[in-house]
Every structure is written in structure tokens, then in C-alpha cells.
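Written out below as C-alpha cells is the structure these notes cover.
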Amino acid sequence: MSKQTDNFYNKFSVFYPLVDIFLKPQKRKLFEEINNLPFGQLLEIGVGNGRHFQFYKTHMVIGIDTSSKMLEIAEKRKSKNIKLELMNAESLLFQDQTFDYIILSHVIAVVDNPEKALEESYRVLKPNGKIFILNHFTPNNWIRHLDHSILFFSKKLHFKSVFNIENFNAIKKFTLLNEICFGKFSYFKLLIYAKP
């Protein structure tokens, strides 16, 4: 991520608890899926303030973020199965095929280069490993007009309001296993992919 984006999220860390409340129902479903999987090495990209760490029940977790302030807060919440590192999703410092699972929860639309983040995720994921992408996705209904109308403001807030995952070549390397929607008119989905 750019220095400008990092600085924004360092400042935004104070307000992140409000975001947590809004995202709680979606994250509950994400962790239900994660905790039903066999034990494995899990990478969470963009851990934020770590308020959700208590929900990890099964795996050894490495959590990364580009915001040093977010990581300072998250450090106080981690348990012994969680390790935190300051790192960019677009340039992961891990060897190929390191992880069984990767989580991108409300991250893929805020990184500067989603294509690169997906490429790096593919590289460090083991064959048959799973990647979980929880995010807003611009739907093919009236809500897409709202996405386009706030495009200018979303750039100021360092996220992409118009976001279509199928536009990225890297996602085509994965196999879609499941698409979980959060209600008929929900703006959010949990997409579960596997690396062949």
C-alpha cells in the first residue's frame, strides 16, 4: 500500500470499533466456516484492530497489516496461536505454498493493487488451499448506481466503491467453491475459492 493509505488507516484506527459493529454478523459467518476446517496454517491479510481474534478456535494464525497503529491495538488482543507482522499484501514476505488458508476480510477493495494482492495470495497458498474473500461487491442491480455515485468520495476514504472481483485475472486461477450472500439485498458476500 502507499504511504498515504497507510497514514489514513493509522489515523482511522481510532474509529475502527464502529466499523466492527457493522461487520460483526458477516464475520460471525466467516469464522463459522473457518473453524469447521481441519487444523492448518492461516494467513489473515489486514487484521485491523484484532477485535475478532477471540473467534479463532482451530488454526495457527499469522496476521498482517500495513498500519502500525492497527497492529499496536491488535497486539494487545492476540492469543498464543496468533503472530502479527507489519507487511503489505502486495508483497508478501513468505515462501511459496506456505499457507493452508488465507482470509481477506474487507481488504481486497482497499489495497492499492488488488490484482497483485491476489497474485501474492495465490503464490503463498498451498495446492488445494482455500482463500476466503469477504467484501462488498458491486451488484448487477440498482445499488450499482449508488456505488458509482460515491466513487469520488470513496477514493478520499481509500476504498473502491465500484468493485467487481471478476475483473481481476488472478482470481481466474482459483476455483470458486461457494458464494455466501447475506440476505436478498445484501451488499456483501463471502466468496470461498480453492487453489487447484
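Letters A, B, ... go to the chains of the C-alpha cells in the order shown; residues in each chain start at 1; ligands are counted from 1 in the same order.
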
In segment 61-153 of chain A, DSSP helix (DSSP H, G or I) residues written as a ChimeraX atom specification: /A:68-75,114-124,143-149,151-153

So that I have them on file, write out the residues from the current selection with C-alpha atoms, as a PDB file, in the first residue's frame.
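Final file, selection39.pdb:
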```pdb
ATOM      1  CA  SER A  68       1.381   0.141  12.604  1.00  0.00           C
ATOM      2  CA  LYS A  69      -1.316   1.754  14.775  1.00  0.00           C
ATOM      3  CA  MET A  70      -3.804  -1.025  13.998  1.00  0.00           C
ATOM      4  CA  LEU A  71      -1.165  -3.624  14.859  1.00  0.00           C
ATOM      5  CA  GLU A  72      -0.393  -1.900  18.177  1.00  0.00           C
ATOM      6  CA  ILE A  73      -4.039  -2.330  19.169  1.00  0.00           C
ATOM      7  CA  ALA A  74      -4.240  -5.876  17.770  1.00  0.00           C
ATOM      8  CA  GLU A  75      -1.106  -6.907  19.672  1.00  0.00           C
ATOM      9  CA  PRO A 114      -5.960  -5.909  -5.775  1.00  0.00           C
ATOM     10  CA  GLU A 115      -4.529  -7.839  -8.738  1.00  0.00           C
ATOM     11  CA  LYS A 116      -1.109  -8.010  -7.078  1.00  0.00           C
ATOM     12  CA  ALA A 117      -2.619  -8.937  -3.696  1.00  0.00           C
ATOM     13  CA  LEU A 118      -4.478 -11.844  -5.319  1.00  0.00           C
ATOM     14  CA  GLU A 119      -1.342 -12.954  -7.188  1.00  0.00           C
ATOM     15  CA  GLU A 120       0.637 -12.957  -3.953  1.00  0.00           C
ATOM     16  CA  SER A 121      -2.134 -14.842  -2.158  1.00  0.00           C
ATOM     17  CA  TYR A 122      -2.101 -17.474  -4.878  1.00  0.00           C
ATOM     18  CA  ARG A 123       1.675 -17.812  -4.582  1.00  0.00           C
ATOM     19  CA  VAL A 124       1.773 -18.390  -0.815  1.00  0.00           C
ATOM     20  CA  ILE A 143     -27.215  -0.489  -5.972  1.00  0.00           C
ATOM     21  CA  ARG A 144     -24.535  -0.261  -8.672  1.00  0.00           C
ATOM     22  CA  HIS A 145     -25.699   3.327  -9.293  1.00  0.00           C
ATOM     23  CA  LEU A 146     -25.013   4.143  -5.645  1.00  0.00           C
ATOM     24  CA  ASP A 147     -21.511   2.688  -5.996  1.00  0.00           C
ATOM     25  CA  HIS A 148     -20.807   4.895  -8.980  1.00  0.00           C
ATOM     26  CA  SER A 149     -22.300   7.987  -7.329  1.00  0.00           C
ATOM     27  CA  LEU A 151     -16.814   6.974  -6.406  1.00  0.00           C
ATOM     28  CA  PHE A 152     -15.184  10.370  -5.771  1.00  0.00           C
ATOM     29  CA  PHE A 153     -15.718  10.170  -2.004  1.00  0.00           C
TER      30      PHE A 153
END
```

Close residues, segment 41-51 of chain A itself excluded, 9 Å, only C-alpha atoms, min 3 positions apart in chain, as a PyMOL selection string: chain A and resi 9+13+16-17+20+54+59-67+69-78+84+87-89+98-107

Within 8 Å of Phe174 of chain A using only C-alpha atoms, minus same-chain residues under 3 positions, as number ranges by chain: A: 122, 170-171, 193-196

Spatial neighbours of Ile34 of chain A, max dist 10 Å, only C-alpha atoms, sep filter under 3 positions, as a ChimeraX atom specification: /A:28-31,37-39,42,55-59,101-103,130,132

Selected residues written out, N, CA and C atoms, as a PDB file, in the first residue's frame:
```
ATOM      1  N   ARG A  28     -19.117 -13.265  11.789  1.00  0.00           N
ATOM      2  CA  ARG A  28     -19.571 -14.459  12.506  1.00  0.00           C
ATOM      3  C   ARG A  28     -19.694 -15.641  11.548  1.00  0.00           C
ATOM      4  N   LYS A  29     -20.250 -15.396  10.375  1.00  0.00           N
ATOM      5  CA  LYS A  29     -20.389 -16.447   9.362  1.00  0.00           C
ATOM      6  C   LYS A  29     -19.025 -16.882   8.835  1.00  0.00           C
ATOM      7  N   LEU A  30     -18.132 -15.915   8.624  1.00  0.00           N
ATOM      8  CA  LEU A  30     -16.777 -16.226   8.166  1.00  0.00           C
ATOM      9  C   LEU A  30     -16.097 -17.184   9.138  1.00  0.00           C
ATOM     10  N   PHE A  31     -16.156 -16.896  10.427  1.00  0.00           N
ATOM     11  CA  PHE A  31     -15.469 -17.735  11.403  1.00  0.00           C
ATOM     12  C   PHE A  31     -16.161 -19.079  11.599  1.00  0.00           C
ATOM     13  N   LEU A  37     -12.950 -26.066   9.485  1.00  0.00           N
ATOM     14  CA  LEU A  37     -11.907 -26.658   8.651  1.00  0.00           C
ATOM     15  C   LEU A  37     -10.860 -27.366   9.506  1.00  0.00           C
ATOM     16  N   PRO A  38     -10.190 -28.367   8.947  1.00  0.00           N
ATOM     17  CA  PRO A  38      -9.109 -29.033   9.690  1.00  0.00           C
ATOM     18  C   PRO A  38      -8.006 -28.045  10.054  1.00  0.00           C
ATOM     19  N   PHE A  39      -7.264 -28.364  11.102  1.00  0.00           N
ATOM     20  CA  PHE A  39      -6.159 -27.522  11.555  1.00  0.00           C
ATOM     21  C   PHE A  39      -5.231 -27.179  10.394  1.00  0.00           C
ATOM     22  N   LEU A  42      -2.812 -20.460   8.784  1.00  0.00           N
ATOM     23  CA  LEU A  42      -3.745 -19.487   8.234  1.00  0.00           C
ATOM     24  C   LEU A  42      -3.104 -18.106   8.190  1.00  0.00           C
ATOM     25  N   PHE A  55     -12.353 -15.285  18.075  1.00  0.00           N
ATOM     26  CA  PHE A  55     -13.154 -16.257  17.347  1.00  0.00           C
ATOM     27  C   PHE A  55     -12.320 -17.343  16.664  1.00  0.00           C
ATOM     28  N   TYR A  56     -11.007 -17.162  16.610  1.00  0.00           N
ATOM     29  CA  TYR A  56     -10.162 -18.223  16.061  1.00  0.00           C
ATOM     30  C   TYR A  56     -10.096 -19.373  17.058  1.00  0.00           C
ATOM     31  N   LYS A  57     -10.536 -20.556  16.638  1.00  0.00           N
ATOM     32  CA  LYS A  57     -10.580 -21.712  17.534  1.00  0.00           C
ATOM     33  C   LYS A  57      -9.662 -22.847  17.110  1.00  0.00           C
ATOM     34  N   THR A  58      -9.238 -22.873  15.844  1.00  0.00           N
ATOM     35  CA  THR A  58      -8.641 -24.088  15.292  1.00  0.00           C
ATOM     36  C   THR A  58      -7.212 -23.941  14.796  1.00  0.00           C
ATOM     37  N   HIS A  59      -6.832 -22.806  14.269  1.00  0.00           N
ATOM     38  CA  HIS A  59      -5.634 -22.712  13.429  1.00  0.00           C
ATOM     39  C   HIS A  59      -4.492 -21.932  14.062  1.00  0.00           C
ATOM     40  N   TYR A 101      -4.790 -21.767   4.455  1.00  0.00           N
ATOM     41  CA  TYR A 101      -5.948 -20.887   4.334  1.00  0.00           C
ATOM     42  C   TYR A 101      -5.488 -19.428   4.335  1.00  0.00           C
ATOM     43  N   ILE A 102      -6.211 -18.607   3.591  1.00  0.00           N
ATOM     44  CA  ILE A 102      -5.965 -17.163   3.592  1.00  0.00           C
ATOM     45  C   ILE A 102      -7.305 -16.447   3.721  1.00  0.00           C
ATOM     46  N   ILE A 103      -7.323 -15.419   4.556  1.00  0.00           N
ATOM     47  CA  ILE A 103      -8.529 -14.595   4.736  1.00  0.00           C
ATOM     48  C   ILE A 103      -8.242 -13.174   4.260  1.00  0.00           C
ATOM     49  N   LYS A 130      -7.450 -22.950   0.626  1.00  0.00           N
ATOM     50  CA  LYS A 130      -8.666 -22.149   0.427  1.00  0.00           C
ATOM     51  C   LYS A 130      -8.404 -20.687   0.768  1.00  0.00           C
ATOM     52  N   PHE A 132     -10.583 -17.076   1.499  1.00  0.00           N
ATOM     53  CA  PHE A 132     -11.895 -16.548   1.883  1.00  0.00           C
ATOM     54  C   PHE A 132     -11.885 -15.040   1.655  1.00  0.00           C
TER      55      PHE A 132
END
```

Atom CA of Gly129 of chain A to atom CA of Ile192 of chain A, straight-line distance in Å: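 It comes out at 10.4 Å.
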
Residue nearest Ser79 of chain A - candidates A:His52, A:His136, A:Lys27, A:Lys126, atoms counted: only C-alpha atoms: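 With only C-alpha atoms as the atom set, the closest residue is A:His52.
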
Å distance separating atom CA of Leu176 of chain A from atom CA of Phe137 of chain A, one decimal place: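 It comes out at 15.2 Å.
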